[in-house]
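**Student:** Contents are PDB, C-alpha atoms; file name query_14.pdb:
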```pdb
ATOM      1  CA  MET A 165     -25.940  17.529 -25.406
ATOM      2  CA  ALA A 166     -24.625  15.651 -22.345
ATOM      3  CA  LYS A 167     -21.679  13.469 -23.234
ATOM      4  CA  GLU A 168     -20.106  10.413 -21.643
ATOM      5  CA  VAL A 169     -16.331  10.303 -21.266
ATOM      6  CA  GLU A 170     -14.297   7.294 -20.171
ATOM      7  CA  LEU A 171     -11.093   7.684 -18.173
ATOM      8  CA  ASP A 172      -8.949   4.567 -17.992
ATOM      9  CA  CYS A 173      -6.893   4.528 -14.799
ATOM     10  CA  MET A 174      -6.357   0.776 -14.637
ATOM     11  CA  GLY A 175      -2.991  -0.239 -13.246
ATOM     12  CA  GLU A 176      -2.362   3.190 -11.801
ATOM     13  CA  ALA A 177      -1.672   3.667  -8.111
ATOM     14  CA  CYS A 178      -2.895   6.509  -5.949
ATOM     15  CA  PRO A 179      -2.743   9.506  -6.299
ATOM     16  CA  VAL A 180      -2.720   9.239 -10.093
ATOM     17  CA  PRO A 181      -6.428   8.319 -10.638
ATOM     18  CA  LEU A 182      -7.563  11.215  -8.456
ATOM     19  CA  ILE A 183      -5.272  13.737 -10.151
ATOM     20  CA  LYS A 184      -6.401  12.575 -13.609
ATOM     21  CA  THR A 185     -10.053  12.692 -12.535
ATOM     22  CA  GLU A 186      -9.728  16.246 -11.238
ATOM     23  CA  LYS A 187      -8.111  17.393 -14.485
ATOM     24  CA  LYS A 188     -10.606  15.607 -16.737
ATOM     25  CA  LEU A 189     -13.637  16.840 -14.830
ATOM     26  CA  GLU A 190     -12.502  20.442 -15.328
ATOM     27  CA  GLU A 191     -12.748  19.941 -19.098
ATOM     28  CA  LEU A 192     -16.357  18.719 -18.954
ATOM     29  CA  ASP A 193     -19.605  20.702 -18.852
ATOM     30  CA  ALA A 194     -22.388  20.385 -16.298
ATOM     31  CA  GLY A 195     -24.543  17.360 -17.045
ATOM     32  CA  ASP A 196     -21.683  15.353 -18.589
ATOM     33  CA  MET A 197     -20.807  11.929 -17.208
ATOM     34  CA  LEU A 198     -17.232  10.887 -16.460
ATOM     35  CA  ILE A 199     -16.642   7.145 -16.107
ATOM     36  CA  VAL A 200     -13.381   6.463 -14.257
ATOM     37  CA  GLN A 201     -12.083   2.897 -14.470
ATOM     38  CA  VAL A 202      -9.860   1.915 -11.535
ATOM     39  CA  ASP A 203      -8.459  -1.308 -10.150
ATOM     40  CA  HIS A 204      -6.951   0.187  -7.018
ATOM     41  CA  SER A 205      -9.114  -0.138  -3.910
ATOM     42  CA  CYS A 206      -7.725   3.092  -2.447
ATOM     43  CA  ALA A 207      -8.773   5.000  -5.588
ATOM     44  CA  MET A 208     -12.196   3.356  -5.319
ATOM     45  CA  LYS A 209     -12.487   5.121  -1.955
ATOM     46  CA  ASN A 210     -10.874   8.527  -2.454
ATOM     47  CA  VAL A 211     -12.102   9.458  -5.951
ATOM     48  CA  PRO A 212     -15.828   9.188  -5.052
ATOM     49  CA  GLU A 213     -15.141  10.921  -1.731
ATOM     50  CA  TRP A 214     -13.514  13.864  -3.510
ATOM     51  CA  ALA A 215     -16.204  14.016  -6.199
ATOM     52  CA  ARG A 216     -19.019  14.010  -3.651
ATOM     53  CA  LYS A 217     -17.304  16.760  -1.680
ATOM     54  CA  GLN A 218     -17.251  18.809  -4.890
ATOM     55  CA  GLY A 219     -21.030  18.297  -5.069
ATOM     56  CA  HIS A 220     -21.204  15.888  -8.009
ATOM     57  CA  ASN A 221     -23.431  12.802  -8.220
ATOM     58  CA  VAL A 222     -21.392   9.637  -7.834
ATOM     59  CA  GLU A 223     -22.179   5.956  -8.386
ATOM     60  CA  ILE A 224     -19.730   3.082  -8.064
ATOM     61  CA  GLU A 225     -20.088  -0.208  -9.890
ATOM     62  CA  GLU A 226     -17.906  -3.229  -9.321
ATOM     63  CA  VAL A 227     -17.405  -4.714 -12.774
ATOM     64  CA  ASP A 228     -15.070  -7.564 -11.913
ATOM     65  CA  ASP A 229     -12.785  -8.842  -9.159
ATOM     66  CA  GLY A 230     -10.793  -5.812  -8.086
ATOM     67  CA  GLU A 231     -12.121  -3.591 -10.873
ATOM     68  CA  TRP A 232     -14.509  -0.675 -10.434
ATOM     69  CA  GLU A 233     -16.209   1.928 -12.603
ATOM     70  CA  ILE A 234     -16.910   5.252 -10.929
ATOM     71  CA  PHE A 235     -19.713   7.210 -12.593
ATOM     72  CA  ILE A 236     -19.378  10.943 -11.865
ATOM     73  CA  GLU A 237     -22.116  13.219 -13.122
ATOM     74  CA  LYS A 238     -20.815  16.777 -13.188
ATOM     75  CA  VAL A 239     -23.142  19.184 -11.493
TER      76      VAL A 239
ATOM     77  CA  MET B 161     -20.971 -24.837  -4.629
ATOM     78  CA  LYS B 162     -21.047 -21.583  -6.541
ATOM     79  CA  ALA B 163     -24.614 -20.950  -5.379
ATOM     80  CA  MET B 164     -23.462 -21.317  -1.793
ATOM     81  CA  PHE B 165     -20.716 -18.720  -2.266
ATOM     82  CA  ASP B 166     -23.068 -16.330  -4.065
ATOM     83  CA  LYS B 167     -25.454 -16.554  -1.123
ATOM     84  CA  LEU B 168     -22.579 -16.042   1.344
ATOM     85  CA  LYS B 169     -21.560 -12.862  -0.478
ATOM     86  CA  GLN B 170     -25.020 -11.416   0.205
ATOM     87  CA  ASN B 171     -24.767 -12.081   3.948
ATOM     88  CA  VAL B 172     -24.755  -8.821   5.947
ATOM     89  CA  LEU B 173     -22.017  -9.929   8.345
ATOM     90  CA  TYR B 174     -19.834 -11.214   5.529
ATOM     91  CA  LYS B 175     -20.126  -7.868   3.772
ATOM     92  CA  LYS B 176     -19.295  -5.980   6.950
ATOM     93  CA  TRP B 177     -16.216  -8.025   7.886
ATOM     94  CA  PHE B 178     -14.777  -9.235   4.573
ATOM     95  CA  LYS B 179     -16.134  -7.167   1.713
ATOM     96  CA  ASP B 180     -16.368  -3.560   2.809
ATOM     97  CA  ALA B 181     -13.335  -1.780   4.180
ATOM     98  CA  LEU B 182     -13.135  -1.690   7.950
ATOM     99  CA  PRO B 183     -13.326   1.783   9.518
ATOM    100  CA  TYR B 184      -9.962   3.506  10.038
ATOM    101  CA  ILE B 185     -10.373   3.390  13.811
ATOM    102  CA  THR B 186     -10.925  -0.373  13.798
ATOM    103  CA  GLY B 187      -7.771  -0.799  11.738
ATOM    104  CA  ALA B 188      -5.788   1.462  14.053
ATOM    105  CA  VAL B 189      -6.874  -0.396  17.189
ATOM    106  CA  LEU B 190      -6.151  -3.807  15.648
ATOM    107  CA  LEU B 191      -2.703  -2.668  14.487
ATOM    108  CA  SER B 192      -1.916  -1.293  17.940
ATOM    109  CA  VAL B 193      -2.963  -4.501  19.673
ATOM    110  CA  PHE B 194      -0.974  -6.705  17.309
ATOM    111  CA  GLN B 195       2.171  -4.610  17.513
ATOM    112  CA  VAL B 196       2.096  -5.059  21.294
ATOM    113  CA  VAL B 197       1.703  -8.821  20.745
ATOM    114  CA  THR B 198       4.697  -8.937  18.388
ATOM    115  CA  PHE B 199       6.799  -6.890  20.789
ATOM    116  CA  VAL B 200       6.003  -9.166  23.712
ATOM    117  CA  THR B 201       6.536 -12.419  21.762
ATOM    118  CA  SER B 202       9.599 -11.479  19.714
ATOM    119  CA  GLY B 203      11.252  -8.960  22.022
ATOM    120  CA  ASN B 204      11.500  -6.450  19.203
ATOM    121  CA  PRO B 205       9.101  -3.752  18.045
ATOM    122  CA  TRP B 206       7.344  -4.269  14.720
ATOM    123  CA  GLY B 207       9.598  -3.537  11.746
ATOM    124  CA  VAL B 208       9.554  -4.511   8.103
ATOM    125  CA  SER B 209      12.473  -2.983   6.229
ATOM    126  CA  GLY B 210      15.264  -4.497   8.363
ATOM    127  CA  VAL B 211      14.019  -7.892   7.242
ATOM    128  CA  PHE B 212      14.572  -6.931   3.592
ATOM    129  CA  ALA B 213      18.226  -6.102   4.292
ATOM    130  CA  ASN B 214      18.690  -9.618   5.667
ATOM    131  CA  TRP B 215      16.841 -11.151   2.708
ATOM    132  CA  GLY B 216      19.237  -9.250   0.436
ATOM    133  CA  ALA B 217      22.230 -10.575   2.361
ATOM    134  CA  TRP B 218      20.965 -14.181   2.182
ATOM    135  CA  LEU B 219      20.251 -13.848  -1.551
ATOM    136  CA  TYR B 220      23.718 -12.422  -2.103
ATOM    137  CA  GLU B 221      25.261 -15.282  -0.126
ATOM    138  CA  LEU B 222      23.204 -17.731  -2.186
ATOM    139  CA  VAL B 223      24.969 -16.572  -5.359
ATOM    140  CA  GLY B 224      28.359 -16.768  -3.706
ATOM    141  CA  GLY B 225      28.750 -13.307  -2.240
ATOM    142  CA  SER B 226      29.634 -12.384   1.313
ATOM    143  CA  VAL B 227      28.384  -9.488   3.408
ATOM    144  CA  ASP B 228      30.829 -10.083   6.265
ATOM    145  CA  ASN B 229      32.963  -7.109   5.223
ATOM    146  CA  MET B 230      30.016  -4.739   5.437
ATOM    147  CA  TYR B 231      29.794  -2.516   8.494
ATOM    148  CA  TYR B 232      26.021  -2.958   8.624
ATOM    149  CA  PHE B 233      26.364  -6.719   9.198
ATOM    150  CA  SER B 234      29.497  -6.576  11.339
ATOM    151  CA  SER B 235      27.946  -6.646  14.811
ATOM    152  CA  PRO B 236      27.817 -10.012  16.652
ATOM    153  CA  GLY B 237      24.025  -9.846  16.740
ATOM    154  CA  ALA B 238      23.749  -9.290  12.992
ATOM    155  CA  GLN B 239      26.252 -12.093  12.267
ATOM    156  CA  ALA B 240      24.349 -14.473  14.564
ATOM    157  CA  THR B 241      21.071 -13.663  12.781
ATOM    158  CA  LEU B 242      22.630 -14.245   9.358
ATOM    159  CA  ASP B 243      24.222 -17.537  10.440
ATOM    160  CA  ALA B 244      20.943 -18.846  11.867
ATOM    161  CA  GLY B 245      19.406 -18.646   8.409
ATOM    162  CA  ILE B 246      16.192 -17.304   6.938
ATOM    163  CA  LEU B 247      13.825 -19.908   8.399
ATOM    164  CA  ALA B 248      14.929 -19.124  11.965
ATOM    165  CA  HIS B 249      14.314 -15.416  11.493
ATOM    166  CA  ALA B 250      11.209 -14.113  13.312
ATOM    167  CA  GLY B 251      10.988 -10.993  11.153
ATOM    168  CA  THR B 252      10.936 -13.125   8.005
ATOM    169  CA  TRP B 253       7.920 -15.097   9.233
ATOM    170  CA  ARG B 254       6.171 -11.896  10.200
ATOM    171  CA  ASN B 255       6.680 -10.466   6.705
ATOM    172  CA  PHE B 256       5.508 -13.756   5.119
ATOM    173  CA  GLY B 257       2.465 -13.505   7.392
ATOM    174  CA  ILE B 258       1.731  -9.961   6.224
ATOM    175  CA  ILE B 259       1.917 -11.006   2.562
ATOM    176  CA  ILE B 260      -0.320 -14.041   3.103
ATOM    177  CA  GLY B 261      -2.742 -12.046   5.284
ATOM    178  CA  ALA B 262      -3.064  -9.341   2.646
ATOM    179  CA  LEU B 263      -3.674 -11.994  -0.022
ATOM    180  CA  PHE B 264      -6.358 -13.594   2.160
ATOM    181  CA  ALA B 265      -8.071 -10.236   2.713
ATOM    182  CA  SER B 266      -8.217  -9.383  -0.980
ATOM    183  CA  LEU B 267      -9.399 -12.891  -1.924
ATOM    184  CA  MET B 268     -12.171 -12.798   0.703
ATOM    185  CA  ALA B 269     -13.305  -9.444  -0.690
ATOM    186  CA  SER B 270     -13.221 -10.841  -4.244
ATOM    187  CA  GLY B 271     -10.806  -8.066  -5.024
ATOM    188  CA  PHE B 272      -7.744 -10.017  -6.151
ATOM    189  CA  LYS B 273      -6.357  -8.966  -9.516
ATOM    190  CA  PHE B 274      -3.011  -9.015 -11.300
ATOM    191  CA  LYS B 275      -2.461  -5.513 -12.562
ATOM    192  CA  LYS B 276      -0.695  -5.047 -15.861
ATOM    193  CA  ILE B 277       2.261  -2.745 -16.328
ATOM    194  CA  LYS B 278       1.095   0.277 -18.274
ATOM    195  CA  SER B 279       4.267   1.869 -19.556
ATOM    196  CA  VAL B 280       8.038   2.028 -19.281
ATOM    197  CA  LYS B 281       7.612   5.278 -17.335
ATOM    198  CA  GLN B 282       5.723   3.340 -14.677
ATOM    199  CA  VAL B 283       8.529   0.782 -14.362
ATOM    200  CA  VAL B 284      11.201   3.495 -14.133
ATOM    201  CA  ALA B 285       9.221   5.362 -11.478
ATOM    202  CA  ALA B 286       8.689   2.174  -9.473
ATOM    203  CA  VAL B 287      12.348   1.175  -9.601
ATOM    204  CA  ILE B 288      13.625   4.648  -8.612
ATOM    205  CA  GLY B 289      10.996   4.921  -5.893
ATOM    206  CA  GLY B 290      11.773   1.467  -4.555
ATOM    207  CA  LEU B 291      15.530   2.050  -4.440
ATOM    208  CA  LEU B 292      15.051   5.378  -2.644
ATOM    209  CA  MET B 293      12.657   3.802  -0.155
ATOM    210  CA  GLY B 294      14.996   0.913   0.572
ATOM    211  CA  TYR B 295      17.988   3.194   0.984
ATOM    212  CA  GLY B 296      16.061   5.685   3.124
ATOM    213  CA  ALA B 297      14.605   2.968   5.312
ATOM    214  CA  ARG B 298      18.040   1.635   6.187
ATOM    215  CA  ILE B 299      19.869   4.893   6.833
ATOM    216  CA  ALA B 300      16.926   5.990   8.981
ATOM    217  CA  PHE B 301      17.072   2.602  10.741
ATOM    218  CA  GLY B 302      13.465   2.050   9.929
ATOM    219  CA  CYS B 303      10.619   2.627   7.529
ATOM    220  CA  ASN B 304       7.155   4.026   8.176
ATOM    221  CA  ILE B 305       6.572   1.001  10.391
ATOM    222  CA  GLY B 306       9.799   0.500  12.324
ATOM    223  CA  ALA B 307      10.846   4.136  12.612
ATOM    224  CA  LEU B 308       7.472   5.891  12.503
ATOM    225  CA  PHE B 309       4.800   3.563  13.873
ATOM    226  CA  SER B 310       6.979   1.693  16.396
ATOM    227  CA  GLY B 311       9.017   4.811  17.160
ATOM    228  CA  ILE B 312       5.971   6.819  18.148
ATOM    229  CA  SER B 313       4.434   3.938  20.077
ATOM    230  CA  SER B 314       7.698   3.614  22.035
ATOM    231  CA  LEU B 315       7.260   7.288  22.956
ATOM    232  CA  SER B 316      10.413   8.208  21.054
ATOM    233  CA  VAL B 317      10.794  11.761  19.733
ATOM    234  CA  SER B 318      12.538  10.335  16.661
ATOM    235  CA  GLY B 319       9.205   8.841  15.585
ATOM    236  CA  TRP B 320       7.561  12.258  15.486
ATOM    237  CA  LEU B 321      10.560  13.770  13.697
ATOM    238  CA  TYR B 322      10.310  10.988  11.128
ATOM    239  CA  ALA B 323       6.604  11.800  10.650
ATOM    240  CA  VAL B 324       7.364  15.440   9.816
ATOM    241  CA  PHE B 325       9.995  14.567   7.246
ATOM    242  CA  ILE B 326       8.162  11.671   5.597
ATOM    243  CA  PHE B 327       5.304  14.122   5.097
ATOM    244  CA  ILE B 328       7.629  16.644   3.450
ATOM    245  CA  GLY B 329       9.162  13.880   1.342
ATOM    246  CA  ALA B 330       5.699  12.781   0.180
ATOM    247  CA  ILE B 331       4.880  16.321  -0.945
ATOM    248  CA  VAL B 332       8.123  16.565  -2.947
ATOM    249  CA  GLY B 333       7.559  13.079  -4.377
ATOM    250  CA  SER B 334       4.002  13.897  -5.434
ATOM    251  CA  LYS B 335       5.144  17.017  -7.285
ATOM    252  CA  LEU B 336       7.836  15.012  -9.085
ATOM    253  CA  LEU B 337       5.265  12.335  -9.931
ATOM    254  CA  LYS B 338       2.931  14.924 -11.456
ATOM    255  CA  LYS B 339       5.718  16.536 -13.453
ATOM    256  CA  PHE B 340       7.642  13.551 -14.806
ATOM    257  CA  PHE B 341       5.767  10.327 -14.399
ATOM    258  CA  MET B 342       2.119  11.025 -15.173
TER     259      MET B 342
END
```
Take the structure from the file and write it as structure tokens.
**Tutor:**
Amino acid sequence: MAKEVELDCMGEACPVPLIKTEKKLEELDAGDMLIVQVDHSCAMKNVPEWARKQGHNVEIEEVDDGEWEIFIEKV
Amino acid sequence: MKAMFDKLKQNVLYKKWFKDALPYITGAVLLSVFQVVTFVTSGNPWGVSGVFANWGAWLYELVGGSVDNMYYFSSPGAQATLDAGILAHAGTWRNFGIIIGALFASLMASGFKFKKIKSVKQVVAAVIGGLLMGYGARIAFGCNIGALFSGISSLSVSGWLYAVFIFIGAIVGSKLLKKFFM
């Protein structure tokens, strides 16, 4: 049963969102969705870049001024 | 009015120049051009942290202190700069410009947001980090801009040496961050 996990990284500066994402993704199974919430534009760039390099499916949604949700589907 | 802005946000050129991040190379070329401009117009290479030392001195003088006994401010040039005041200081205007420019960029990209403080740990880390950066920037006579960026562009070996050690420092800092402040 694929689950959806939220990771709140609001207010955290690089490299913290990326480190937390890497750790959290390890705990999930294939098919699970990790939703990373960031408000740092640098994290909005390097987290998806890392996730795509790992081969996962990534979508970014801008939810508000300066706030993004990064949807990572573990492959 | 709002409809006009919503339509503007959809414009391809607007997205390219104001919304999406510019490519790294574009940024690098623009920075290089502007640092030449600042060097030619102010006579000094681009630097940021030296300005903060002067701001500190002026703030200290504002509350009645005096920096005239400090070796750092003892040279005639430094004394002349302090006496002329903050509004006559080119570096001050450049730093104001950077702050306003950055604000403009984030507003144009609809990315402006006040970020809340998450925990005491975050405050402690920021204060320690800031103090170390300020101290390091002055004993190195420059930060990543004055000592690294301007140093390398002036073809100074010290700029490259700085690059090696700031890299090592970042590695150590990241490990400490992971261990104590995450």
**Student:** For a quick check of understanding, using only C-alpha atoms, which of B:Ala181, B:Leu190, B:Ala262, B:Leu292 has the smallest distance to Ser205 (chain A)?
**Tutor:**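 Checking each candidate against Ser205 (chain A), we get B:Ala181 as the closest.
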**Student:** Distance cut-off 9 Å, counting all atoms listed in the file - which residues of chain A neighbour chain B? Return them as an mmCIF file with C-alpha atoms, in the frame of the given file.
**Tutor:**
```cif
data_model
loop_
_atom_site.group_PDB
_atom_site.id
_atom_site.type_symbol
_atom_site.label_atom_id
_atom_site.label_comp_id
_atom_site.auth_asym_id
_atom_site.auth_seq_id
_atom_site.Cartn_x
_atom_site.Cartn_y
_atom_site.Cartn_z
ATOM 1 C CA MET A 174 -6.357 0.776 -14.637
ATOM 2 C CA GLY A 175 -2.991 -0.239 -13.246
ATOM 3 C CA GLU A 176 -2.362 3.190 -11.801
ATOM 4 C CA PRO A 179 -2.743 9.506 -6.299
ATOM 5 C CA VAL A 180 -2.720 9.239 -10.093
ATOM 6 C CA ILE A 183 -5.272 13.737 -10.151
ATOM 7 C CA LYS A 184 -6.401 12.575 -13.609
ATOM 8 C CA ASP A 203 -8.459 -1.308 -10.150
ATOM 9 C CA SER A 205 -9.114 -0.138 -3.910
ATOM 10 C CA ASP A 228 -15.070 -7.564 -11.913
ATOM 11 C CA ASP A 229 -12.785 -8.842 -9.159
ATOM 12 C CA GLY A 230 -10.793 -5.812 -8.086
ATOM 13 C CA GLU A 231 -12.121 -3.591 -10.873
#
```
**Student:** Hey, could you make a per-residue contact list for region 225-333 of chain B against region 195-204 of chain B with 9 Å as the cut-off, showing the nearest pair of atoms and its distance in Å to one decimal, counting all atoms listed in the file, sorted by chain and number, as a Markdown table?
**Tutor:**
```
| residue | atom | partner | partner_atom | distance |
| --- | --- | --- | --- | --- |
| B:Ala250 | CA | B:Ser202 | CA | 7.1 |
| B:Gly251 | CA | B:Ser202 | CA | 8.7 |
| B:Arg254 | CA | B:Thr198 | CA | 8.8 |
| B:Ser310 | CA | B:Gln195 | CA | 8.0 |
```
**Student:** From the set B:Gly306, B:Pro236, B:Gly333, B:Gly319, which residue has the shortest atom-to-atom contact distance to Pro205 (chain B), counting all atoms listed in the file?
**Tutor:**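 Ranking B:Gly306, B:Pro236, B:Gly333, B:Gly319 by distance to Pro205 (chain B), first place goes to B:Gly306.
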**Student:** As a check of understanding, name the residues that the PyMOL selection byres ((chain A and resi 211) around 10) selects in the supplied structure, as a PyMOL selection string.
**Tutor:** chain A and resi 178-179+181-183+185-186+200+202+206-210+212-217+222+234+236
**Student:** Store the residues picked out above in a file with C-alpha atoms, as a short mmCIF file (atom, residue, chain, number, x, y, z; two decimals), in the frame of the given file.
**Tutor:**
```cif
data_model
loop_
_atom_site.label_atom_id
_atom_site.label_comp_id
_atom_site.auth_asym_id
_atom_site.auth_seq_id
_atom_site.Cartn_x
_atom_site.Cartn_y
_atom_site.Cartn_z
CA CYS A 178 -2.90 6.51 -5.95
CA PRO A 179 -2.74 9.51 -6.30
CA PRO A 181 -6.43 8.32 -10.64
CA LEU A 182 -7.56 11.22 -8.46
CA ILE A 183 -5.27 13.74 -10.15
CA THR A 185 -10.05 12.69 -12.54
CA GLU A 186 -9.73 16.25 -11.24
CA VAL A 200 -13.38 6.46 -14.26
CA VAL A 202 -9.86 1.92 -11.54
CA CYS A 206 -7.72 3.09 -2.45
CA ALA A 207 -8.77 5.00 -5.59
CA MET A 208 -12.20 3.36 -5.32
CA LYS A 209 -12.49 5.12 -1.96
CA ASN A 210 -10.87 8.53 -2.45
CA PRO A 212 -15.83 9.19 -5.05
CA GLU A 213 -15.14 10.92 -1.73
CA TRP A 214 -13.51 13.86 -3.51
CA ALA A 215 -16.20 14.02 -6.20
CA ARG A 216 -19.02 14.01 -3.65
CA LYS A 217 -17.30 16.76 -1.68
CA VAL A 222 -21.39 9.64 -7.83
CA ILE A 234 -16.91 5.25 -10.93
CA ILE A 236 -19.38 10.94 -11.86
#
```
**Student:** Given the file shown, enumerate the residues that the PyMOL selection byres ((chain A and resi 197) around 10) captures and present them as number ranges by chain.
**Tutor:** A: 166-170, 189, 192-196, 198-200, 221-222, 234-239
**Student:** To one decimal in Å, tell me the separation between CA of Glu221 (chain B) and CA of Ser235 (chain B).
**Tutor:**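 If I compute the distance from CA of Glu221 (chain B) to CA of Ser235 (chain B), I get 17.5 Å.
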**Student:** So how many Å separate CA of Met230 (chain B) and CA of His249 (chain B), to one decimal?
**Tutor:**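 CA of His249 (chain B) lies at a distance of 19.9 Å from CA of Met230 (chain B).
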**Student:** CA of Gly311 (chain B) to CA of Gly207 (chain B): how many Å, to one decimal?
**Tutor:**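 CA of Gly311 (chain B) sits 10.0 Å away from CA of Gly207 (chain B).
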**Student:** Give me the residues within 12 Å of Gln239 (chain B) as a PyMOL selection string, counting all atoms listed in the file and dropping any in the same chain fewer than 4 places off.
**Tutor:** chain B and resi 214+217-218+226-235+243-245
